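Engineer: So here's input_25.txt (compact mmCIF, C-alpha atoms).
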# COMPACT_ATOMS: atom_id res chain seq x y z
CA MET A 1 59.77 -21.29 18.82
CA LYS A 2 60.68 -17.70 17.98
CA LYS A 3 57.93 -15.18 18.72
CA GLU A 4 56.71 -12.52 16.33
CA LEU A 5 55.38 -9.08 17.15
CA ILE A 6 51.83 -8.57 15.90
CA GLU A 7 49.15 -5.94 16.34
CA LEU A 8 45.60 -6.96 17.26
CA ARG A 9 42.67 -4.56 17.36
CA VAL A 10 40.41 -5.93 20.09
CA ASN A 11 37.25 -4.19 21.31
CA GLY A 12 38.35 -0.97 19.62
CA ARG A 13 41.82 -0.88 21.17
CA LEU A 14 45.13 -1.68 19.47
CA HIS A 15 47.37 -4.18 21.25
CA GLU A 16 50.96 -5.08 20.35
CA VAL A 17 51.78 -8.61 21.48
CA ALA A 18 54.63 -11.06 20.91
CA VAL A 19 53.24 -14.46 19.91
CA GLU A 20 54.47 -17.71 18.44
CA PRO A 21 53.38 -18.27 14.81
CA CYS A 22 51.18 -21.17 15.93
CA ALA A 23 49.54 -19.26 18.80
CA LEU A 24 45.75 -19.51 18.77
CA LEU A 25 43.66 -16.37 19.04
CA LEU A 26 41.81 -17.79 22.05
CA ASP A 27 45.08 -18.24 24.00
CA VAL A 28 46.32 -14.76 23.14
CA LEU A 29 43.01 -13.22 24.23
CA ARG A 30 42.90 -15.11 27.49
CA GLN A 31 46.59 -15.22 28.47
CA ASP A 32 48.19 -12.16 26.89
CA LEU A 33 45.27 -9.71 26.97
CA GLN A 34 43.50 -11.11 30.06
CA LEU A 35 40.17 -11.21 28.23
CA THR A 36 38.87 -14.40 29.78
CA GLY A 37 35.24 -14.17 28.69
CA SER A 38 35.86 -16.42 25.68
CA LYS A 39 36.05 -20.03 26.90
CA ARG A 40 37.84 -23.18 25.79
CA GLY A 41 35.35 -26.02 25.65
CA CYS A 42 36.46 -28.45 22.96
CA ASP A 43 39.53 -27.32 20.92
CA ASP A 44 37.95 -28.49 17.67
CA SER A 45 35.21 -25.93 16.88
CA SER A 46 32.44 -28.17 18.18
CA CYS A 47 30.93 -26.18 21.05
CA GLY A 48 31.18 -22.48 20.18
CA ALA A 49 32.14 -21.36 23.69
CA CYS A 50 35.16 -19.53 22.23
CA THR A 51 33.19 -17.55 19.64
CA VAL A 52 34.35 -14.00 18.94
CA LEU A 53 33.55 -11.58 16.14
CA VAL A 54 36.21 -10.95 13.50
CA ASP A 55 35.19 -8.04 11.29
CA GLY A 56 31.65 -8.70 12.51
CA VAL A 57 31.64 -12.40 11.59
CA ALA A 58 31.29 -15.06 14.29
CA MET A 59 34.50 -17.13 14.38
CA MET A 60 35.77 -19.93 16.64
CA SER A 61 38.91 -18.53 18.27
CA CYS A 62 40.10 -21.96 19.47
CA THR A 63 41.16 -22.92 15.93
CA LEU A 64 42.03 -19.47 14.57
CA LEU A 65 45.65 -18.34 14.47
CA ALA A 66 46.22 -15.04 16.22
CA ALA A 67 48.63 -13.88 13.50
CA SER A 68 45.90 -14.34 10.86
CA SER A 69 43.72 -11.79 12.67
CA GLU A 70 46.07 -8.84 12.23
CA SER A 71 44.45 -5.74 10.68
CA GLN A 72 40.98 -7.12 11.52
CA ALA A 73 38.53 -5.85 14.14
CA ILE A 74 38.06 -8.42 16.90
CA THR A 75 35.19 -8.18 19.36
CA THR A 76 34.95 -10.34 22.47
CA ILE A 77 32.19 -10.57 25.05
CA GLU A 78 33.98 -7.84 27.02
CA GLY A 79 33.36 -5.44 24.13
CA VAL A 80 29.64 -6.05 23.73
CA SER A 81 28.39 -3.58 26.36
CA GLU A 82 27.19 -0.22 25.06
CA HIS A 83 28.18 3.07 26.73
CA GLY A 84 28.94 1.27 29.98
CA CYS A 85 25.55 -0.51 30.03
CA LEU A 86 24.55 -4.03 29.13
CA ALA A 87 23.66 -4.57 25.49
CA ALA A 88 20.09 -5.66 24.74
CA ILE A 89 21.08 -9.32 24.33
CA GLN A 90 23.06 -9.35 27.60
CA LYS A 91 20.17 -7.81 29.54
CA ALA A 92 17.71 -10.22 27.93
CA TYR A 93 19.80 -13.23 28.95
CA GLY A 94 19.62 -12.03 32.55
CA ASP A 95 15.92 -11.17 32.43
CA TRP A 96 14.89 -14.49 30.86
CA GLY A 97 17.32 -16.84 32.60
CA GLY A 98 19.16 -17.67 29.39
CA ALA A 99 22.20 -18.95 31.28
CA GLN A 100 22.87 -21.34 34.15
CA CYS A 101 26.58 -21.91 34.78
CA GLY A 102 27.40 -19.26 32.17
CA PHE A 103 30.36 -21.09 30.62
CA CYS A 104 28.86 -21.21 27.13
CA THR A 105 26.97 -17.91 27.39
CA PRO A 106 29.66 -15.60 25.88
CA GLY A 107 29.81 -17.76 22.78
CA PHE A 108 26.04 -17.77 22.40
CA ILE A 109 25.84 -14.00 22.80
CA MET A 110 28.57 -13.38 20.22
CA THR A 111 26.80 -15.69 17.77
CA VAL A 112 23.53 -13.82 18.30
CA LYS A 113 25.28 -10.45 17.87
CA SER A 114 26.64 -11.62 14.52
CA LEU A 115 23.21 -12.88 13.45
CA LEU A 116 21.41 -9.64 14.37
CA ALA A 117 24.03 -7.52 12.60
CA GLU A 118 23.35 -9.46 9.41
CA ASN A 119 19.60 -9.96 9.92
CA PRO A 120 17.90 -7.55 12.38
CA ASP A 121 14.60 -9.44 12.20
CA PRO A 122 15.43 -13.16 12.07
CA SER A 123 12.76 -15.82 12.10
CA GLU A 124 12.69 -18.59 14.70
CA SER A 125 14.30 -20.96 12.18
CA ASP A 126 17.03 -18.37 11.43
CA VAL A 127 17.86 -18.17 15.14
CA ARG A 128 17.92 -21.93 15.56
CA ALA A 129 20.14 -22.36 12.50
CA ALA A 130 22.61 -19.74 13.74
CA LEU A 131 22.80 -21.29 17.22
CA SER A 132 23.31 -24.81 15.87
CA SER A 133 27.07 -24.13 16.11
CA ASN A 134 26.86 -23.56 19.87
CA LEU A 135 26.30 -26.14 22.58
CA CYS A 136 25.03 -25.79 26.14
CA ARG A 137 25.62 -28.72 28.46
CA CYS A 138 23.57 -27.75 31.50
CA THR A 139 20.21 -26.34 30.40
CA GLY A 140 17.52 -26.41 27.78
CA TYR A 141 17.39 -23.83 25.03
CA ASN A 142 13.89 -22.43 25.57
CA GLN A 143 15.07 -19.65 27.88
CA MET A 144 17.74 -18.68 25.36
CA TYR A 145 15.23 -18.41 22.54
CA ALA A 146 12.97 -16.30 24.77
CA ALA A 147 15.92 -14.04 25.63
CA ILE A 148 16.84 -13.66 21.96
CA ARG A 149 13.26 -12.80 20.98
CA SER A 150 13.23 -10.20 23.75
CA ALA A 151 16.55 -8.76 22.57
CA ILE A 152 15.32 -8.56 18.98
CA ALA A 153 12.24 -6.66 20.18
CA ALA A 154 14.41 -4.29 22.23
CA GLU A 155 16.71 -3.65 19.26
CA ARG A 156 13.73 -2.88 17.02
CA ASP A 157 12.22 -0.55 19.62
CA GLY A 158 15.59 1.18 19.93
CA ALA A 159 15.81 1.60 16.15
CA VAL A 160 12.40 3.30 16.11
CA LEU A 161 13.26 5.58 19.05
CA SER A 162 16.52 6.64 17.37
CA GLU A 163 14.39 8.02 14.50
CA TRP A 164 12.04 10.02 16.72
CA THR A 165 12.90 13.38 15.14
CA ARG A 166 12.15 12.06 11.65
CA ILE A 167 8.85 10.52 12.79
CA PHE A 168 7.52 13.46 14.80
CA GLU A 169 9.30 16.45 13.22
CA PRO A 170 8.27 18.83 16.02
CA ASP A 171 8.17 21.85 13.66
CA SER A 172 5.90 20.21 11.09
CA ARG A 173 2.62 21.38 12.70
CA SER A 174 0.72 18.52 11.08
CA LEU A 175 -1.06 15.84 13.08
CA LEU A 176 -0.05 12.24 13.53
CA ASP A 177 -2.71 9.58 14.00
CA ILE A 178 -2.76 6.40 16.06
CA TRP A 179 -5.02 3.77 14.50
CA ALA A 180 -6.35 0.39 15.63
CA PHE A 181 -8.77 -1.28 13.23
CA GLU A 182 -11.50 -3.88 13.43
CA THR A 183 -12.38 -3.04 17.02
CA ASP A 184 -15.65 -3.55 18.87
CA TYR A 185 -17.41 -2.18 21.92
CA CYS A 186 -15.69 -4.62 24.28
CA GLU A 187 -12.27 -3.50 23.06
CA TRP A 188 -13.24 0.14 23.46
CA GLN A 189 -14.36 -0.67 26.98
CA ALA A 190 -11.05 -2.38 27.78
CA LEU A 191 -9.14 0.61 26.36
CA PHE A 192 -11.31 3.07 28.28
CA ALA A 193 -10.63 1.26 31.58
CA TRP A 194 -6.89 0.96 30.81
CA LEU A 195 -6.57 4.67 30.06
CA GLN A 196 -8.27 5.66 33.32
CA LYS A 197 -6.09 3.28 35.31
CA ASN A 198 -2.75 4.28 33.79
CA TYR A 199 -3.11 7.92 32.70
CA HIS A 200 -4.71 11.19 33.66
CA VAL A 201 -7.65 11.72 31.30
CA THR A 202 -10.05 14.62 30.81
CA TYR A 203 -13.27 14.66 28.81
CA PHE A 204 -14.70 17.38 26.56
CA GLU A 205 -18.01 17.78 24.77
CA ASP A 206 -18.14 20.42 22.04
CA ASP A 207 -14.85 21.84 23.44
CA LYS A 208 -16.30 22.16 26.97
CA LEU A 209 -14.72 20.33 29.89
CA LYS A 210 -17.14 17.82 31.42
CA ALA A 211 -17.07 15.17 34.12
CA LEU A 212 -15.99 11.85 32.66
CA PRO A 213 -19.11 9.75 31.93
CA SER A 214 -19.31 6.03 31.33
CA LEU A 215 -18.41 4.68 27.91
CA ALA A 216 -22.04 3.80 27.26
CA GLU A 217 -23.03 7.43 27.94
CA ILE A 218 -20.27 8.68 25.64
CA TRP A 219 -21.58 6.68 22.73
CA GLU A 220 -25.15 7.72 23.48
CA ARG A 221 -24.18 11.40 23.56
CA SER A 222 -22.22 11.09 20.31
CA LYS A 223 -25.51 11.54 18.47
CA ALA A 224 -25.76 15.12 19.70
CA ALA A 225 -22.22 16.25 20.62
CA THR A 226 -18.58 15.93 19.55
CA GLN A 227 -16.56 14.26 22.28
CA LEU A 228 -12.85 14.27 22.98
CA LEU A 229 -10.84 12.33 25.55
CA ARG A 230 -7.48 13.96 26.34
CA ILE A 231 -4.80 11.60 27.67
CA ASP A 232 -1.78 13.17 29.38
CA LEU A 233 1.54 11.49 28.71
CA GLU A 234 4.96 12.75 29.76
CA GLY A 235 4.94 16.40 28.74
CA CYS A 236 2.50 15.87 25.86
CA SER A 237 -1.02 14.65 25.24
CA VAL A 238 -3.02 12.39 22.94
CA ASN A 239 -6.60 13.11 21.88
CA ALA A 240 -8.95 10.16 21.47
CA HIS A 241 -12.02 10.58 19.28
CA PHE A 242 -15.30 8.68 19.36
CA PHE A 243 -16.20 8.52 15.68
CA SER A 244 -16.69 4.79 15.26
CA VAL A 245 -16.83 1.70 17.45
CA ASN A 246 -15.17 -0.24 14.61
CA GLU A 247 -11.89 1.66 14.74
CA ILE A 248 -9.88 3.58 17.31
CA GLU A 249 -8.33 6.87 16.19
CA MET A 250 -6.22 9.26 18.26
CA ASP A 251 -4.34 12.47 17.41
CA ILE A 252 -0.87 13.61 18.43
CA LEU A 253 0.51 17.10 17.94
CA PRO A 254 4.14 16.66 16.81
CA GLU A 255 5.05 20.13 18.11
CA ASP A 256 4.53 18.72 21.62
CA ILE A 257 7.16 15.99 21.00
CA ASP A 258 10.39 17.95 21.36
CA SER A 259 12.55 15.44 23.24
CA GLU A 260 13.48 11.77 23.06
CA ARG A 261 11.84 11.14 26.41
CA LYS A 262 8.50 12.51 25.17
CA ALA A 263 8.81 10.42 22.01
CA GLN A 264 9.49 7.36 24.14
CA SER A 265 6.37 8.03 26.20
CA VAL A 266 4.31 8.04 22.98
CA PHE A 267 5.90 4.80 21.78
CA GLU A 268 5.25 3.18 25.17
CA PHE A 269 1.64 4.37 24.98
CA VAL A 270 1.13 2.93 21.48
CA SER A 271 2.86 -0.31 22.46
CA GLY A 272 0.60 -0.61 25.50
CA ILE A 273 -2.51 -0.27 23.32
CA ALA A 274 -1.29 -2.98 20.93
CA LYS A 275 -0.66 -5.40 23.78
CA LEU A 276 -3.96 -4.56 25.48
CA LEU A 277 -6.02 -5.13 22.32
CA ASN A 278 -3.74 -7.90 21.00
CA LYS A 279 -3.71 -6.35 17.54
CA GLU A 280 -1.57 -4.20 15.27
CA VAL A 281 -1.53 -0.46 15.87
CA ILE A 282 -0.41 2.07 13.24
CA LEU A 283 1.29 5.44 13.74
CA ALA A 284 0.75 7.43 10.53
CA PRO A 285 0.48 11.03 9.30
CA GLU A 286 -2.99 12.56 9.27
CA TYR A 287 -4.74 11.38 6.14
CA GLY A 288 -8.13 12.01 4.57
CA SER A 289 -9.06 8.35 4.53
CA ALA A 290 -9.40 5.74 7.26
CA ASP A 291 -8.58 2.96 4.82
CA GLN A 292 -6.42 0.45 6.68
CA ALA A 293 -4.28 -0.57 3.70
CA GLN A 294 -3.59 3.02 2.69
CA LEU A 295 -2.70 4.09 6.22
CA LYS A 296 -0.38 1.14 6.70
CA ALA A 297 1.35 1.98 3.41
CA ILE A 298 2.15 5.52 4.62
CA ALA A 299 2.80 4.65 8.28
CA PHE A 300 5.94 5.86 10.04
CA CYS A 301 5.89 2.84 12.31
CA THR A 302 3.67 -0.07 13.27
CA VAL A 303 3.32 -2.01 16.51
CA ASP A 304 2.59 -5.73 16.49
CA PRO A 305 0.23 -7.42 19.02
CA ALA A 306 3.22 -8.17 21.25
CA GLY A 307 3.93 -4.44 21.51
CA VAL A 308 7.07 -4.51 19.34
CA LEU A 309 7.65 -1.42 17.20
CA SER A 310 8.82 -1.63 13.59
CA LEU A 311 10.13 1.33 11.65
CA ARG A 312 8.55 2.00 8.26
CA LYS A 313 10.18 3.84 5.35
CA SER A 314 7.59 6.59 4.97
CA SER A 315 8.75 10.20 5.20
CA ARG A 316 6.87 13.46 5.70
CA GLU A 317 8.33 14.60 2.38
CA THR A 318 5.73 12.33 0.78
CA PHE A 319 2.92 14.50 2.13
CA ARG A 320 4.31 17.96 1.43
I need this file expressed as structure tokens, please.

Structural biologist:
Amino acid sequence: MKKELIELRVNGRLHEVAVEPCALLLDVLRQDLQLTGSKRGCDDSSCGACTVLVDGVAMMSCTLLAASSESQAITTIEGVSEHGCLAAIQKAYGDWGGAQCGFCTPGFIMTVKSLLAENPDPSESDVRAALSSNLCRCTGYNQMYAAIRSAIAAERDGAVLSEWTRIFEPDSRSLLDIWAFETDYCEWQALFAWLQKNYHVTYFEDDKLKALPSLAEIWERSKAATQLLRIDLEGCSVNAHFFSVNEIEMDILPEDIDSERKAQSVFEFVSGIAKLLNKEVILAPEYGSADQAQLKAIAFCTVDPAGVLSLRKSSRETFR
């Protein structure tokens, strides 16, 4: 059969290949372009091992004509890595043991990439529905679901970090507050121990540096003095106040957050608190009220009990 010259854009590169009109995209990728990550498992779109993205949509390349994919952007497993590093979903599969023999893994990863591009925060049922088109013959699916949940969390954390300048605005000179609500003395005690174990902390009473007392002594002295616990992060600090046992409130000076690394250290700190206390933590602009609903409504980001950050739509313009 006479071959035709076609152009395929694969993983951002343009390839000119001579193919028969009936040539399948999977064969052209594997044989002509030597991109062997996509696998042939069934030849009838039953297993999903050949899944690639065509203009961002997950497609089975074992039943897709190569000629029909001209002028479209094709992404294979070889094009998933980001800046020479593993993408979040690839790393998560390795961390959580989401693959055994690995034959079906490229197809699963491409399906997940398509899902997350369309829905960055899918529910468990959304994930299961999307993966119903892919089959694994040698393992259970629990590790895969764990890997996907981990990847989703990493993507969300990355989205928050990418907005660090909008959240902190180093030149704003207005405070940001970290809030955890509905706390009790035991949770304060757990936080106090965690801070001493993981960070360098200093204690002040009425702006005077003092030796760090026990938590019980801090609360006893609060009747006569204003206390402050300063926690040193990476190149910046957080100030913890002892106003109420029922809520935890800490201050951050945005002018201290002048790099992505410093912003990341704050996000890691806030995430650590959420996981320690097993409750939501809010990062919000300084506000005259400690009302939980109001603060959540104006928050720049929130952290769930698993330590996963979520970006909120609030902007400092609202408070100027």

Engineer: What does the structure give for the distance between CA of Gly140 (chain A) and CA of Phe103 (chain A), in Å to one decimal?

Structural biologist: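 Taking CA of Gly140 (chain A) as the start and CA of Phe103 (chain A) as the end point, the length is 14.2 Å.
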
Engineer: Restricting the calculation to only C-alpha atoms: of A:Leu26, A:Phe108, A:Thr202, A:Asp256, which residue gets closest to Cys136 (chain A)?

Structural biologist: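 Closest to Cys136 (chain A), using only C-alpha atoms: A:Phe108.
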
Engineer: Hey, which of A:Ala180, A:Leu116, A:Leu253, A:Ile148 ends up closest to Asp304 (chain A)? Count all atoms listed in the file.

Structural biologist: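 Among A:Ala180, A:Leu116, A:Leu253, A:Ile148, it is A:Ala180 that comes nearest to Asp304 (chain A).
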
Engineer: Quote the spacing between CA of Cys85 (chain A) and CA of Ala154 (chain A) in Å to one decimal place.

Structural biologist: 14.1 Å

Engineer: Excluding Ala216 (chain A) and any residue of its chain fewer than 5 positions from it, enumerate the residues within 12 Å of it, using all atoms listed in the file, and give them as an MDAnalysis selection string.

Structural biologist: chainID A and resid 185:186 188:189 192 221:222 242 245

Engineer: Write the residues of the selection above to a file with C-alpha atoms, as an mmCIF file, in the frame of the given file.

Structural biologist:
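again-v9.cif was written with the following content:
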data_model
loop_
_atom_site.group_PDB
_atom_site.id
_atom_site.type_symbol
_atom_site.label_atom_id
_atom_site.label_comp_id
_atom_site.auth_asym_id
_atom_site.auth_seq_id
_atom_site.Cartn_x
_atom_site.Cartn_y
_atom_site.Cartn_z
ATOM 1 C CA TYR A 185 -17.410 -2.180 21.920
ATOM 2 C CA CYS A 186 -15.690 -4.620 24.280
ATOM 3 C CA TRP A 188 -13.240 0.140 23.460
ATOM 4 C CA GLN A 189 -14.360 -0.670 26.980
ATOM 5 C CA PHE A 192 -11.310 3.070 28.280
ATOM 6 C CA ARG A 221 -24.180 11.400 23.560
ATOM 7 C CA SER A 222 -22.220 11.090 20.310
ATOM 8 C CA PHE A 242 -15.300 8.680 19.360
ATOM 9 C CA VAL A 245 -16.830 1.700 17.450
#

Engineer: Just the number, please: distance in Å from CA of Leu65 (chain A) to CA of His15 (chain A), one decimal.

Structural biologist: 15.8 Å

Engineer: Which residue out of A:Val57, A:Ala193, A:Ala306, A:Met144 has the minimum interatomic distance to Ser214 (chain A) when all atoms listed in the file are used?

Structural biologist: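 When distances to Ser214 (chain A) are compared using all atoms listed in the file, the smallest one comes from A:Ala193.
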
Engineer: Rank nothing, just name the residue among A:Leu64, A:Val10, A:Asn198, A:Cys138 nearest to Gln34 (chain A), using all atoms listed in the file.

Structural biologist: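 Ranked by minimum distance to Gln34 (chain A), first place goes to A:Val10.
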
Engineer: Which region 81-194 of chain A residues have any atom within 12 Å of an atom of region 257-260 of chain A, and for each, what is the nearest pair of atoms with distance in Å to one decimal, counting all atoms listed in the file, rows sorted by chain and number, as a tab-separated table?

Structural biologist:
residue	atom	partner	partner_atom	distance
A:Gly158	CA	A:Glu260	CA	11.2
A:Val160	CA	A:Glu260	CA	11.0
A:Leu161	CA	A:Glu260	CA	7.4
A:Ser162	CA	A:Glu260	CA	8.2
A:Glu163	CA	A:Glu260	CA	9.4
A:Trp164	CA	A:Glu260	CA	6.7
A:Thr165	CA	A:Glu260	CA	8.1
A:Arg166	CA	A:Ile257	CA	11.3
A:Ile167	CA	A:Ile257	CA	10.0
A:Phe168	CA	A:Ile257	CA	6.7
A:Glu169	CA	A:Ile257	CA	8.1
A:Pro170	CA	A:Asp258	CA	5.8
A:Asp171	CA	A:Asp258	CA	8.9
A:Ser172	CA	A:Ile257	CA	10.8
A:Arg173	CA	A:Ile257	CA	10.9
A:Leu175	CA	A:Ile257	CA	11.4
A:Leu176	CA	A:Ile257	CA	11.0

Engineer: Please, which residues are within 10 Å of (38.7, -15.0, 29.4) by the file's coordinates, counting only C-alpha atoms, and could they come as a VMD selection string?

Structural biologist: chain A and resid 26 to 31 33 to 40 50 76 to 78 106

Engineer: Region 115-122 of chain A, all listed atoms, 6 Å padding on each side: what axis-aligned box centre and edge lengths in Å to one decimal come out, as AutoDock Vina command-line options?

Structural biologist:
--center_x 19.3 --center_y -10.3 --center_z 11.9 --size_x 21.4 --size_y 17.6 --size_z 17.0

Engineer: With a distance cut-off of 8 Å and all atoms listed in the file, select the neighbouring residues of Ile252 (chain A), excluding the residue or stretch itself and same-chain residues fewer than 6 positions from it, and output the selection as a PDB file with C-alpha atoms, in the frame of the given file.

Structural biologist:
ATOM      1  CA  LEU A 175      -1.060  15.840  13.080  1.00  0.00           C
ATOM      2  CA  LEU A 176      -0.050  12.240  13.530  1.00  0.00           C
ATOM      3  CA  ASP A 177      -2.710   9.580  14.000  1.00  0.00           C
ATOM      4  CA  ILE A 178      -2.760   6.400  16.060  1.00  0.00           C
ATOM      5  CA  SER A 237      -1.020  14.650  25.240  1.00  0.00           C
ATOM      6  CA  VAL A 238      -3.020  12.390  22.940  1.00  0.00           C
ATOM      7  CA  ASN A 239      -6.600  13.110  21.880  1.00  0.00           C
TER       8      ASN A 239
END

Engineer: Quick one: of A:Ala18, A:Glu155, A:Ile6, A:Leu311, who's nearest to Ala117 (chain A), counting all atoms listed in the file?

Structural biologist: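 When distances to Ala117 (chain A) are compared using all atoms listed in the file, the smallest one comes from A:Glu155.
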